[in-house]
file query-v1.cif (mmCIF, C-alpha atoms)
data_my_file
loop_
_atom_site.label_atom_id
_atom_site.label_comp_id
_atom_site.auth_asym_id
_atom_site.auth_seq_id
_atom_site.Cartn_x
_atom_site.Cartn_y
_atom_site.Cartn_z
CA MET Y 3 0.00 0.00 0.00
CA ALA Y 4 1.32 3.44 -0.87
CA LEU Y 5 1.37 5.98 1.93
CA ASP Y 6 -1.02 8.41 0.29
CA GLU Y 7 -3.67 5.69 -0.23
CA ASN Y 8 -4.59 5.60 3.46
CA ASP Y 9 -7.53 7.84 4.37
CA ASP Y 10 -7.54 7.32 8.15
CA MET Y 11 -4.68 9.60 9.09
CA ARG Y 12 -3.13 12.85 7.97
CA ILE Y 13 -0.67 12.43 5.12
CA GLU Y 14 0.87 15.38 3.26
CA ASN Y 15 3.36 15.45 0.39
CA ASN Y 16 6.14 18.04 -0.12
CA TYR Y 17 5.22 19.44 3.27
CA SER Y 18 6.76 22.50 4.97
CA LEU Y 19 8.03 21.84 8.49
CA LYS Y 20 8.17 25.53 9.43
CA ALA Y 21 5.27 25.13 11.87
CA HIS Y 22 6.92 22.06 13.39
CA ASN Y 23 10.21 23.58 14.55
CA THR Y 24 10.55 26.50 16.95
CA PHE Y 25 13.60 27.88 15.13
CA GLY Y 26 11.17 28.73 12.32
CA ILE Y 27 13.27 27.09 9.60
CA ASP Y 28 11.26 26.62 6.39
CA ALA Y 29 12.54 23.19 5.37
CA LYS Y 30 10.36 20.65 3.60
CA CYS Y 31 9.98 16.90 3.80
CA ARG Y 32 8.94 14.52 1.05
CA GLN Y 33 6.04 13.20 3.12
CA PHE Y 34 4.51 14.03 6.49
CA ILE Y 35 2.35 11.61 8.53
CA GLU Y 36 0.48 12.16 11.79
CA TYR Y 37 -1.02 9.41 13.96
CA ALA Y 38 -3.65 10.19 16.58
CA THR Y 39 -4.39 6.74 18.05
CA GLU Y 40 -2.66 3.44 18.77
CA THR Y 41 -4.49 1.92 15.81
CA GLU Y 42 -3.12 4.62 13.52
CA ALA Y 43 0.36 4.13 14.99
CA LEU Y 44 0.12 0.44 14.06
CA GLU Y 45 -0.88 1.41 10.52
CA VAL Y 46 1.96 3.94 10.24
CA ALA Y 47 4.44 1.27 11.39
CA LYS Y 48 3.13 -1.06 8.69
CA LEU Y 49 3.45 1.62 6.04
CA LEU Y 50 6.99 2.46 7.08
CA ARG Y 51 7.96 -1.22 6.82
CA GLU Y 52 6.41 -1.49 3.37
CA GLU Y 53 7.80 1.78 2.00
CA ARG Y 54 11.38 1.09 3.17
CA LYS Y 55 12.19 4.78 2.80
CA PRO Y 56 14.18 7.00 5.22
CA PHE Y 57 12.08 8.44 8.03
CA ILE Y 58 12.43 10.47 11.20
CA ILE Y 59 10.08 10.93 14.16
CA ILE Y 60 9.59 14.42 15.57
CA GLY Y 61 7.75 15.88 18.54
CA GLY Y 62 6.75 19.50 18.96
CA GLY Y 63 9.93 20.69 17.25
CA SER Y 64 11.18 22.60 20.30
CA ASN Y 65 14.42 20.62 20.29
CA LEU Y 66 15.02 20.45 16.55
CA LEU Y 67 17.26 22.27 14.09
CA LEU Y 68 16.64 21.61 10.40
CA THR Y 69 19.60 22.31 8.12
CA LYS Y 70 18.06 21.20 4.80
CA ASP Y 71 15.01 19.65 3.19
CA TYR Y 72 14.43 16.07 4.31
CA GLU Y 73 14.11 13.61 1.44
CA GLY Y 74 12.12 11.14 3.43
CA ILE Y 75 9.10 10.68 5.69
CA VAL Y 76 8.51 12.71 8.85
CA VAL Y 77 6.24 11.12 11.47
CA HIS Y 78 4.50 13.09 14.21
CA ALA Y 79 2.19 12.00 17.05
CA THR Y 80 -1.00 13.89 17.88
CA VAL Y 81 -2.33 11.35 20.40
CA LYS Y 82 -4.44 13.14 23.02
CA GLY Y 83 -5.94 12.17 26.34
CA VAL Y 84 -5.07 12.00 30.05
CA GLU Y 85 -6.15 9.14 32.31
CA ARG Y 86 -5.62 9.04 36.06
CA HIS Y 87 -4.91 5.89 38.04
CA GLY Y 88 -4.21 6.77 41.67
CA GLN Y 89 -1.02 8.85 41.70
CA SER Y 90 -0.29 8.14 38.04
CA LEU Y 91 -1.30 9.91 34.84
CA THR Y 92 -1.15 8.21 31.45
CA CYS Y 93 -0.85 10.93 28.83
CA GLY Y 94 -1.12 10.84 25.06
CA ALA Y 95 2.17 11.42 23.23
CA GLY Y 96 0.75 14.47 21.46
CA GLU Y 97 -0.31 16.28 24.64
CA GLU Y 98 1.61 19.49 25.37
CA TRP Y 99 3.99 18.90 28.27
CA ASP Y 100 3.21 22.09 30.17
CA THR Y 101 -0.50 21.28 30.00
CA ILE Y 102 0.27 18.05 31.86
CA VAL Y 103 2.19 19.98 34.53
CA ALA Y 104 -0.77 22.31 35.03
CA ARG Y 105 -3.30 19.47 35.13
CA SER Y 106 -1.25 17.45 37.61
CA LEU Y 107 -1.32 20.34 40.08
CA GLU Y 108 -5.06 20.77 39.59
CA MET Y 109 -5.45 17.10 40.54
CA GLY Y 110 -3.29 17.42 43.66
CA LEU Y 111 -0.39 15.51 42.10
CA TYR Y 112 3.07 16.96 42.65
CA GLY Y 113 6.63 16.61 41.39
CA ALA Y 114 6.55 18.38 38.02
CA GLU Y 115 6.49 21.99 39.25
CA ASN Y 116 10.15 22.69 38.38
CA LEU Y 117 9.51 21.45 34.84
CA SER Y 118 6.90 24.13 34.17
CA LEU Y 119 6.83 25.86 30.78
CA ILE Y 120 9.32 23.51 29.12
CA PRO Y 121 8.14 23.44 25.50
CA GLY Y 122 7.37 20.24 23.63
CA ASP Y 123 5.14 17.21 23.71
CA VAL Y 124 4.73 14.30 26.12
CA GLY Y 125 6.36 11.88 23.67
CA ALA Y 126 9.46 14.05 23.48
CA SER Y 127 9.73 14.17 27.29
CA ALA Y 128 10.35 10.42 27.26
CA VAL Y 129 12.89 10.62 24.44
CA GLN Y 130 14.83 13.66 25.61
CA ASN Y 131 14.51 13.29 29.39
CA ILE Y 132 13.66 16.97 29.61
CA GLY Y 133 14.81 18.78 32.71
CA ALA Y 134 15.16 22.12 34.45
CA TYR Y 135 15.86 23.55 37.91
CA GLY Y 136 17.06 20.31 39.45
CA ALA Y 137 14.26 18.09 38.12
CA GLU Y 138 14.10 15.67 35.17
CA ALA Y 139 11.30 13.79 33.42
CA LYS Y 140 12.92 10.49 34.47
CA ASP Y 141 11.96 11.35 38.06
CA LEU Y 142 8.34 10.88 37.01
CA ILE Y 143 8.28 8.44 34.06
CA ARG Y 144 7.27 4.89 34.94
CA ARG Y 145 6.60 3.34 31.55
CA VAL Y 146 6.28 4.21 27.88
CA HIS Y 147 3.53 2.73 25.71
CA ALA Y 148 4.70 2.40 22.11
CA VAL Y 149 4.51 0.51 18.82
CA GLU Y 150 7.70 -1.15 17.63
CA ILE Y 151 8.02 -0.28 13.97
CA ALA Y 152 9.95 -3.35 12.77
CA SER Y 153 7.64 -5.93 14.37
CA GLY Y 154 4.37 -4.02 14.60
CA LYS Y 155 4.07 -5.06 18.24
CA VAL Y 156 2.54 -2.91 20.98
CA CYS Y 157 5.08 -2.56 23.80
CA GLU Y 158 5.06 -1.46 27.44
CA ILE Y 159 8.59 -0.22 28.14
CA ASP Y 160 9.59 0.12 31.80
CA HIS Y 161 11.52 3.27 32.71
CA THR Y 162 14.52 1.22 33.85
CA ALA Y 163 14.96 -0.17 30.32
CA CYS Y 164 15.15 3.38 28.91
CA GLU Y 165 18.50 4.00 30.66
CA TYR Y 166 17.79 7.65 31.35
CA GLY Y 167 20.67 10.05 31.92
CA TYR Y 168 21.26 13.78 31.63
CA ARG Y 169 19.21 14.71 28.53
CA GLN Y 170 19.72 11.16 27.32
CA SER Y 171 17.81 7.93 26.79
CA ARG Y 172 18.01 4.85 24.60
CA PHE Y 173 15.32 6.47 22.43
CA LYS Y 174 18.00 8.96 21.31
CA HIS Y 175 20.62 6.31 20.57
CA ASP Y 176 20.20 2.57 19.96
CA TRP Y 177 16.40 2.91 19.94
CA LYS Y 178 16.40 5.94 17.64
CA ASP Y 179 13.40 5.77 15.26
CA ARG Y 180 12.58 2.27 16.53
CA TYR Y 181 9.32 3.08 18.29
CA LEU Y 182 6.22 5.19 17.72
CA ILE Y 183 5.35 6.44 21.19
CA VAL Y 184 1.63 6.39 21.92
CA SER Y 185 1.53 7.46 25.58
CA VAL Y 186 3.68 7.94 28.66
CA GLU Y 187 2.79 7.05 32.25
CA TYR Y 188 4.05 9.41 34.95
CA GLU Y 189 3.91 8.74 38.68
CA PHE Y 190 3.49 11.78 40.93
CA SER Y 191 3.30 12.32 44.67
CA GLU Y 192 0.30 13.43 46.68
CA THR Y 193 2.70 15.18 49.06
CA PHE Y 194 4.15 18.51 47.95
CA GLU Y 195 7.91 18.64 48.56
CA PRO Y 196 9.25 21.79 46.87
CA ARG Y 197 12.75 21.83 45.38
CA LEU Y 198 14.03 25.37 45.78
CA ASP Y 199 17.83 25.18 45.81
CA TYR Y 200 18.55 25.20 42.07
CA GLY Y 201 19.26 28.37 40.13
CA ASN Y 202 17.60 31.51 41.47
CA ILE Y 203 14.33 29.92 42.63
CA ARG Y 204 14.78 30.63 46.32
CA SER Y 205 16.02 34.20 45.81
CA GLU Y 206 13.11 34.95 43.50
CA LEU Y 207 10.64 33.59 46.06
CA GLU Y 208 12.27 35.72 48.75
CA HIS Y 209 11.96 38.75 46.49
CA ARG Y 210 8.23 38.01 46.34
CA GLY Y 211 8.02 37.65 50.12
CA ILE Y 212 7.32 33.92 49.93
CA SER Y 213 9.15 31.57 52.30
CA GLU Y 214 6.95 28.48 51.95
CA PRO Y 215 5.44 28.45 48.45
CA THR Y 216 2.30 26.62 47.47
CA PRO Y 217 2.57 24.35 44.41
CA GLN Y 218 0.94 27.03 42.24
CA GLN Y 219 3.25 29.75 43.59
CA LEU Y 220 6.30 27.63 42.78
CA ARG Y 221 4.99 26.85 39.30
CA GLN Y 222 4.28 30.53 38.60
CA THR Y 223 7.72 31.53 39.87
CA ILE Y 224 9.37 28.99 37.53
CA ILE Y 225 7.26 30.27 34.63
CA ASP Y 226 8.18 33.90 35.36
CA ILE Y 227 11.89 33.07 35.63
CA ARG Y 228 11.80 31.28 32.28
CA LEU Y 229 9.82 34.05 30.57
CA ALA Y 230 12.28 36.66 31.85
CA LYS Y 231 15.31 35.02 30.28
CA LEU Y 232 14.03 32.92 27.38
CA PRO Y 233 12.75 34.50 24.15
CA ASP Y 234 9.30 33.64 22.81
CA PRO Y 235 9.92 31.41 19.74
CA LYS Y 236 6.89 33.00 18.07
CA VAL Y 237 8.79 36.30 18.15
CA MET Y 238 12.40 35.11 17.83
CA GLY Y 239 13.06 31.58 16.63
CA ASN Y 240 14.93 29.41 19.13
CA ALA Y 241 14.95 25.98 20.73
CA GLY Y 242 15.51 27.01 24.32
CA SER Y 243 18.79 25.78 25.79
CA PHE Y 244 20.92 24.87 22.79
CA PHE Y 245 23.81 23.24 24.65
CA MET Y 246 23.96 20.68 27.44
CA ASN Y 247 25.80 21.67 30.61
CA PRO Y 248 29.08 19.72 30.64
CA ILE Y 249 29.91 17.32 33.44
CA VAL Y 250 33.59 17.45 34.46
CA SER Y 251 35.82 15.80 37.02
CA LYS Y 252 36.24 17.36 40.44
CA ALA Y 253 39.92 17.93 39.59
CA LYS Y 254 39.00 19.83 36.43
CA TYR Y 255 36.54 21.96 38.35
CA GLU Y 256 39.12 22.78 41.05
CA SER Y 257 41.62 23.79 38.39
CA LEU Y 258 39.10 26.19 36.82
CA ALA Y 259 37.91 27.49 40.21
CA ALA Y 260 41.49 28.56 40.93
CA GLN Y 261 41.36 30.74 37.80
CA TYR Y 262 37.76 32.04 38.07
CA ASP Y 263 36.60 33.33 41.45
CA LYS Y 264 32.88 33.18 40.69
CA LEU Y 265 32.75 29.94 38.73
CA PRO Y 266 29.22 28.55 39.17
CA TYR Y 267 28.82 24.80 39.57
CA TYR Y 268 26.48 22.04 40.67
CA GLU Y 269 28.04 19.13 42.54
CA LEU Y 270 26.71 15.81 41.25
CA ASP Y 271 28.72 13.41 43.40
CA ALA Y 272 32.11 13.13 45.08
CA ASP Y 273 33.91 12.98 41.74
CA HIS Y 274 31.82 14.98 39.25
CA VAL Y 275 30.63 18.57 38.86
CA LYS Y 276 28.30 20.19 36.34
CA ILE Y 277 29.40 23.59 35.01
CA PRO Y 278 26.85 25.87 33.29
CA ALA Y 279 27.62 26.06 29.57
CA GLY Y 280 25.86 29.43 29.40
CA TRP Y 281 28.35 30.92 31.86
CA MET Y 282 31.30 29.75 29.79
CA ILE Y 283 29.74 31.08 26.58
CA ASP Y 284 29.20 34.42 28.32
CA GLN Y 285 32.83 34.44 29.49
CA CYS Y 286 33.89 33.95 25.87
CA GLY Y 287 32.05 37.17 24.98
CA TRP Y 288 29.21 35.67 22.97
CA LYS Y 289 26.19 36.82 25.00
CA GLY Y 290 24.12 39.18 22.84
CA LYS Y 291 26.46 38.76 19.85
CA SER Y 292 25.65 37.41 16.41
CA LEU Y 293 27.19 35.76 13.40
CA GLY Y 294 25.16 36.80 10.39
CA ARG Y 295 21.48 36.10 10.97
CA ALA Y 296 22.15 33.71 13.87
CA GLY Y 297 22.80 35.06 17.34
CA VAL Y 298 23.17 34.42 21.06
CA HIS Y 299 20.33 35.71 23.22
CA ASP Y 300 21.23 38.81 25.22
CA LYS Y 301 19.63 37.52 28.43
CA GLN Y 302 20.68 33.87 28.33
CA ALA Y 303 23.87 32.82 26.55
CA LEU Y 304 22.74 29.19 26.43
CA VAL Y 305 20.08 30.14 23.87
CA LEU Y 306 20.88 30.51 20.16
CA VAL Y 307 18.35 32.52 18.18
CA ASN Y 308 17.18 33.06 14.63
CA LEU Y 309 17.44 36.83 14.19
CA GLY Y 310 15.34 36.67 11.04
CA GLY Y 311 15.70 34.49 7.99
CA ALA Y 312 18.61 32.44 9.32
CA THR Y 313 19.19 29.04 7.75
CA GLY Y 314 19.90 25.93 9.76
CA GLU Y 315 23.46 25.98 8.39
CA GLU Y 316 24.01 29.50 9.76
CA ILE Y 317 22.93 28.38 13.24
CA VAL Y 318 25.21 25.34 13.01
CA THR Y 319 28.13 27.62 12.05
CA LEU Y 320 27.45 29.76 15.13
CA CYS Y 321 27.23 26.64 17.27
CA GLU Y 322 30.57 25.31 16.02
CA THR Y 323 32.28 28.68 16.48
CA ILE Y 324 31.09 28.87 20.09
CA GLN Y 325 32.22 25.30 20.73
CA LYS Y 326 35.73 26.14 19.48
CA ASP Y 327 35.93 29.27 21.66
CA VAL Y 328 34.79 27.43 24.81
CA LYS Y 329 37.28 24.64 24.11
CA ALA Y 330 40.09 27.13 23.59
CA GLN Y 331 39.37 29.06 26.80
CA PHE Y 332 38.31 26.31 29.20
CA ASP Y 333 39.51 23.07 27.55
CA ILE Y 334 35.96 21.73 27.88
CA ASP Y 335 33.83 20.31 25.09
CA ILE Y 336 30.19 21.39 25.00
CA TYR Y 337 27.62 19.56 22.92
CA PRO Y 338 24.23 20.53 21.48
CA GLU Y 339 21.13 19.43 23.32
CA VAL Y 340 19.22 20.18 20.13
CA ASN Y 341 18.77 17.46 17.49
CA ILE Y 342 20.37 18.65 14.25
CA ILE Y 343 18.99 17.17 11.05
#
call {"tool": "encode", "arguments": {"input": "query-v1.cif", "output": "structure tokens"}}
result
Amino acid sequence: MALDENDDMRIENNYSLKAHNTFGIDAKCRQFIEYATETEALEVAKLLREERKPFIIIGGGSNLLLTKDYEGIVVHATVKGVERHGQSLTCGAGEEWDTIVARSLEMGLYGAENLSLIPGDVGASAVQNIGAYGAEAKDLIRRVHAVEIASGKVCEIDHTACEYGYRQSRFKHDWKDRYLIVSVEYEFSETFEPRLDYGNIRSELEHRGISEPTPQQLRQTIIDIRLAKLPDPKVMGNAGSFFMNPIVSKAKYESLAAQYDKLPYYELDADHVKIPAGWMIDQCGWKGKSLGRAGVHDKQALVLVNLGGATGEEIVTLCETIQKDVKAQFDIDIYPEVNII
């Protein structure tokens, strides 16, 4: 069966992906398919097996940089729905992540407050292990419901099998484009235990005269902090944090701390420290600077922006230039968090 002969799901040919990436890059794909149910996911898997053409799976496009037209099939989930079972929520892969955070609080389920306003879909949260302000999606994910493309089987994947790490999972590596995610089950807590010691959360709460925040107050504070330093992609194309914060040895950190009095860091364990990539980029003089039509945001150096009409290649050139400068000054490699295609 040819892809465009199926009437049960959305299929478009020579389709612009501009609305599906927050950098606003107007790249096209040969064919675009959306599935809205498990049944449709099974059908898409069958079609992909029969077509034997290159394909990629995308989420909301908030972690994607397109550098050229894609001569293959792009698959996107629009599965909706939220079901509660005790302290757990099973959420459709096409649900907006921040909507789930808001709904969990409305239901008296806690643990996602620090992940407020992170862009993207539920499916992408399981792939990317999204995180912010000391919290990660892996803290909540219990299992992923998906269709295996090669076999056409419906699978329940336990979170332990996903091998989650800092912005990493098997879905990004050996499982890349192996599954069509249908839904994700998150387990929350009915007891609110705020995490306030990451970034400037506590100082911002103090500025507001709040010593013991409610869940909604913490969520709103996180939202306001993000809005103050991150550009709206509808106004200025971007994908949020472009680079991952590097993890270095304690010895490397101590060597740098001897050179830089105010070196920020987050201790991970007795032997490893995380250093903010944005701070290093700022130290290299890139904050607020540009290279052609691609630039570094003037309020947050971790964010690369499309200043208007930039191509994916221009943003990659900026990325590589920054990487070289950080390596030269700090002898540390920084890597994109964004998926470059």
call {"tool": "closest_residue", "arguments": {"input": "query-v1.cif", "among": "Y:Leu91, Y:Val184, Y:Leu107, Y:Val76", "to": "Ala126 (chain Y)", "atoms": "only C-alpha atoms"}}
result
Y:Val184
call {"tool": "atom_distance", "arguments": {"input": "query-v1.cif", "atom1": "CA of Tyr188 (chain Y)", "atom2": "CA of Gln89 (chain Y)"}}
result
8.5 Å
call {"tool": "atom_distance", "arguments": {"input": "query-v1.cif", "atom1": "CA of Ala47 (chain Y)", "atom2": "CA of Lys178 (chain Y)"}}
result
14.3 Å
call {"tool": "resolve_selection", "arguments": {"input": "query-v1.cif", "expression": "the PyMOL selection byres ((chain Y and resi 49-55) around 12)", "output": "PyMOL selection string"}}
result
chain Y and resi 3-8+11+13+32-35+37+42-48+56-59+72-77+150-154+179-182
call {"tool": "atom_distance", "arguments": {"input": "query-v1.cif", "atom1": "CA of Glu315 (chain Y)", "atom2": "CA of Thr69 (chain Y)"}}
result
5.3 Å
call {"tool": "residues_near_point", "arguments": {"input": "query-v1.cif", "point": "(15.8, 23.1, 3.6)", "cutoff": "12 Å", "atoms": "all atoms listed in the file", "output": "PyMOL selection string"}}
result
chain Y and resi 16-20+26-32+67-73+312-315+343
call {"tool": "residues_near_point", "arguments": {"input": "query-v1.cif", "point": "(13.7, 36.5, 32.5)", "cutoff": "12 Å", "atoms": "all atoms listed in the file", "output": "short mmCIF file (atom, residue, chain, number, x, y, z; two decimals) with C-alpha atoms, in the frame of the given file"}}
result
data_model
loop_
_atom_site.label_atom_id
_atom_site.label_comp_id
_atom_site.auth_asym_id
_atom_site.auth_seq_id
_atom_site.Cartn_x
_atom_site.Cartn_y
_atom_site.Cartn_z
CA ASN Y 202 17.60 31.51 41.47
CA GLU Y 206 13.11 34.95 43.50
CA THR Y 223 7.72 31.53 39.87
CA ILE Y 224 9.37 28.99 37.53
CA ILE Y 225 7.26 30.27 34.63
CA ASP Y 226 8.18 33.90 35.36
CA ILE Y 227 11.89 33.07 35.63
CA ARG Y 228 11.80 31.28 32.28
CA LEU Y 229 9.82 34.05 30.57
CA ALA Y 230 12.28 36.66 31.85
CA LYS Y 231 15.31 35.02 30.28
CA LEU Y 232 14.03 32.92 27.38
CA PRO Y 233 12.75 34.50 24.15
CA ASP Y 234 9.30 33.64 22.81
CA HIS Y 299 20.33 35.71 23.22
CA ASP Y 300 21.23 38.81 25.22
CA LYS Y 301 19.63 37.52 28.43
CA GLN Y 302 20.68 33.87 28.33
#
call {"tool": "closest_residue", "arguments": {"input": "query-v1.cif", "among": "Y:Pro248, Y:Gly297, Y:Pro121, Y:Gly311", "to": "Asp335 (chain Y)", "atoms": "all atoms listed in the file"}}
result
Y:Pro248
call {"tool": "residues_around", "arguments": {"input": "query-v1.cif", "residues": "region 338-342 of chain Y", "least_positions_apart": "3", "cutoff": "10 Å", "atoms": "only C-alpha atoms", "output": "list in words"}}
result
Ile60, Gly63, Ser64, Asn65, Leu66, Leu67, Leu68, Thr69, Gln130, Arg169, Gln170, Lys174, Ala241, Gly242, Ser243, Phe244, Phe245, Met246, Asn247, Gly314, Glu315, Val318, Cys321, Glu322 and Gln325 of chain Y
call {"tool": "resolve_selection", "arguments": {"input": "query-v1.cif", "expression": "the PyMOL selection byres ((chain Y and resi 157-165) around 6)", "output": "JSON, numbers by chain"}}
result
{"Y": [144, 145, 146, 147, 148, 149, 156, 166, 171, 172]}
call {"tool": "write_last_selection", "arguments": {"input": "query-v1.cif", "atoms": "C-alpha atoms", "output": "mmCIF file, in the coordinates of the input"}}
result
data_model
loop_
_atom_site.group_PDB
_atom_site.id
_atom_site.type_symbol
_atom_site.label_atom_id
_atom_site.label_comp_id
_atom_site.auth_asym_id
_atom_site.auth_seq_id
_atom_site.Cartn_x
_atom_site.Cartn_y
_atom_site.Cartn_z
ATOM 1 C CA ARG Y 144 7.270 4.890 34.940
ATOM 2 C CA ARG Y 145 6.600 3.340 31.550
ATOM 3 C CA VAL Y 146 6.280 4.210 27.880
ATOM 4 C CA HIS Y 147 3.530 2.730 25.710
ATOM 5 C CA ALA Y 148 4.700 2.400 22.110
ATOM 6 C CA VAL Y 149 4.510 0.510 18.820
ATOM 7 C CA VAL Y 156 2.540 -2.910 20.980
ATOM 8 C CA TYR Y 166 17.790 7.650 31.350
ATOM 9 C CA SER Y 171 17.810 7.930 26.790
ATOM 10 C CA ARG Y 172 18.010 4.850 24.600
#
call {"tool": "closest_residue", "arguments": {"input": "query-v1.cif", "among": "Y:Ile212, Y:Ile102, Y:Leu220, Y:Val186", "to": "Tyr135 (chain Y)", "atoms": "only C-alpha atoms"}}
result
Y:Leu220
call {"tool": "resolve_selection", "arguments": {"input": "query-v1.cif", "expression": "the PyMOL selection byres ((chain Y and resi 113) around 9)", "output": "list in words"}}
result
Val103, Ser106, Leu107, Leu111, Tyr112, Ala114, Glu115, Asn116, Leu117, Ala137, Asp141, Leu142, Glu189, Phe190, Ser191, Glu192, Thr193, Phe194, Glu195, Pro196 and Arg197 of chain Y
call {"tool": "write_last_selection", "arguments": {"input": "query-v1.cif", "atoms": "C-alpha atoms", "output": "mmCIF file, in the frame of the given file"}}
result
data_model
loop_
_atom_site.group_PDB
_atom_site.id
_atom_site.type_symbol
_atom_site.label_atom_id
_atom_site.label_comp_id
_atom_site.auth_asym_id
_atom_site.auth_seq_id
_atom_site.Cartn_x
_atom_site.Cartn_y
_atom_site.Cartn_z
ATOM 1 C CA VAL Y 103 2.190 19.980 34.530
ATOM 2 C CA SER Y 106 -1.250 17.450 37.610
ATOM 3 C CA LEU Y 107 -1.320 20.340 40.080
ATOM 4 C CA LEU Y 111 -0.390 15.510 42.100
ATOM 5 C CA TYR Y 112 3.070 16.960 42.650
ATOM 6 C CA ALA Y 114 6.550 18.380 38.020
ATOM 7 C CA GLU Y 115 6.490 21.990 39.250
ATOM 8 C CA ASN Y 116 10.150 22.690 38.380
ATOM 9 C CA LEU Y 117 9.510 21.450 34.840
ATOM 10 C CA ALA Y 137 14.260 18.090 38.120
ATOM 11 C CA ASP Y 141 11.960 11.350 38.060
ATOM 12 C CA LEU Y 142 8.340 10.880 37.010
ATOM 13 C CA GLU Y 189 3.910 8.740 38.680
ATOM 14 C CA PHE Y 190 3.490 11.780 40.930
ATOM 15 C CA SER Y 191 3.300 12.320 44.670
ATOM 16 C CA GLU Y 192 0.300 13.430 46.680
ATOM 17 C CA THR Y 193 2.700 15.180 49.060
ATOM 18 C CA PHE Y 194 4.150 18.510 47.950
ATOM 19 C CA GLU Y 195 7.910 18.640 48.560
ATOM 20 C CA PRO Y 196 9.250 21.790 46.870
ATOM 21 C CA ARG Y 197 12.750 21.830 45.380
#
call {"tool": "closest_residue", "arguments": {"input": "query-v1.cif", "among": "Y:Asp333, Y:Asp263, Y:Glu85, Y:Asp327", "to": "Ser185 (chain Y)", "atoms": "only C-alpha atoms"}}
result
Y:Glu85
call {"tool": "residues_around", "arguments": {"input": "query-v1.cif", "residues": "Gly122 (chain Y)", "least_positions_apart": "3", "cutoff": "10 Å", "atoms": "only C-alpha atoms", "output": "ChimeraX atom specification"}}
result
/Y:24,61-65,96-100,119,125-127,132,241
call {"tool": "residues_around", "arguments": {"input": "query-v1.cif", "residues": "region 268-273 of chain Y", "least_positions_apart": "2", "cutoff": "7 Å", "atoms": "all atoms listed in the file", "output": "ChimeraX atom specification"}}
result
/Y:251-252,275-277
call {"tool": "write_last_selection", "arguments": {"input": "query-v1.cif", "atoms": "C-alpha atoms", "output": "mmCIF file, in the coordinates of the input"}}
result
data_model
loop_
_atom_site.group_PDB
_atom_site.id
_atom_site.type_symbol
_atom_site.label_atom_id
_atom_site.label_comp_id
_atom_site.auth_asym_id
_atom_site.auth_seq_id
_atom_site.Cartn_x
_atom_site.Cartn_y
_atom_site.Cartn_z
ATOM 1 C CA SER Y 251 35.820 15.800 37.020
ATOM 2 C CA LYS Y 252 36.240 17.360 40.440
ATOM 3 C CA VAL Y 275 30.630 18.570 38.860
ATOM 4 C CA LYS Y 276 28.300 20.190 36.340
ATOM 5 C CA ILE Y 277 29.400 23.590 35.010
#
call {"tool": "closest_residue", "arguments": {"input": "query-v1.cif", "among": "Y:Trp177, Y:Pro235, Y:Gly294, Y:Val124", "to": "Thr92 (chain Y)", "atoms": "all atoms listed in the file"}}
result
Y:Val124
call {"tool": "decode", "arguments": {"input": "query-v1.cif", "residues": "region 148-159 of chain Y", "atoms": "N, CA and C atoms", "output": "short mmCIF file (atom, residue, chain, number, x, y, z; two decimals), in the first residue's frame"}}
result
data_model
loop_
_atom_site.label_atom_id
_atom_site.label_comp_id
_atom_site.auth_asym_id
_atom_site.auth_seq_id
_atom_site.Cartn_x
_atom_site.Cartn_y
_atom_site.Cartn_z
N ALA Y 148 4.25 2.11 23.46
CA ALA Y 148 4.70 2.40 22.11
C ALA Y 148 4.45 1.24 21.16
N VAL Y 149 4.58 1.53 19.87
CA VAL Y 149 4.51 0.51 18.82
C VAL Y 149 5.91 0.35 18.24
N GLU Y 150 6.41 -0.88 18.25
CA GLU Y 150 7.70 -1.15 17.63
C GLU Y 150 7.51 -1.23 16.12
N ILE Y 151 8.24 -0.40 15.41
CA ILE Y 151 8.02 -0.28 13.97
C ILE Y 151 8.36 -1.57 13.23
N ALA Y 152 9.50 -2.18 13.52
CA ALA Y 152 9.95 -3.35 12.77
C ALA Y 152 9.03 -4.55 12.91
N SER Y 153 8.47 -4.76 14.11
CA SER Y 153 7.64 -5.93 14.37
C SER Y 153 6.15 -5.64 14.34
N GLY Y 154 5.77 -4.36 14.52
CA GLY Y 154 4.37 -4.02 14.60
C GLY Y 154 3.75 -4.39 15.93
N LYS Y 155 4.58 -4.67 16.94
CA LYS Y 155 4.07 -5.06 18.24
C LYS Y 155 3.83 -3.84 19.13
N VAL Y 156 2.79 -3.92 19.97
CA VAL Y 156 2.54 -2.91 20.98
C VAL Y 156 3.37 -3.26 22.21
N CYS Y 157 4.14 -2.29 22.72
CA CYS Y 157 5.08 -2.56 23.80
C CYS Y 157 4.82 -1.68 25.01
N GLU Y 158 5.04 -2.22 26.20
CA GLU Y 158 5.06 -1.46 27.44
C GLU Y 158 6.51 -1.45 27.92
N ILE Y 159 7.17 -0.31 27.85
CA ILE Y 159 8.59 -0.22 28.14
C ILE Y 159 8.78 0.39 29.53
#
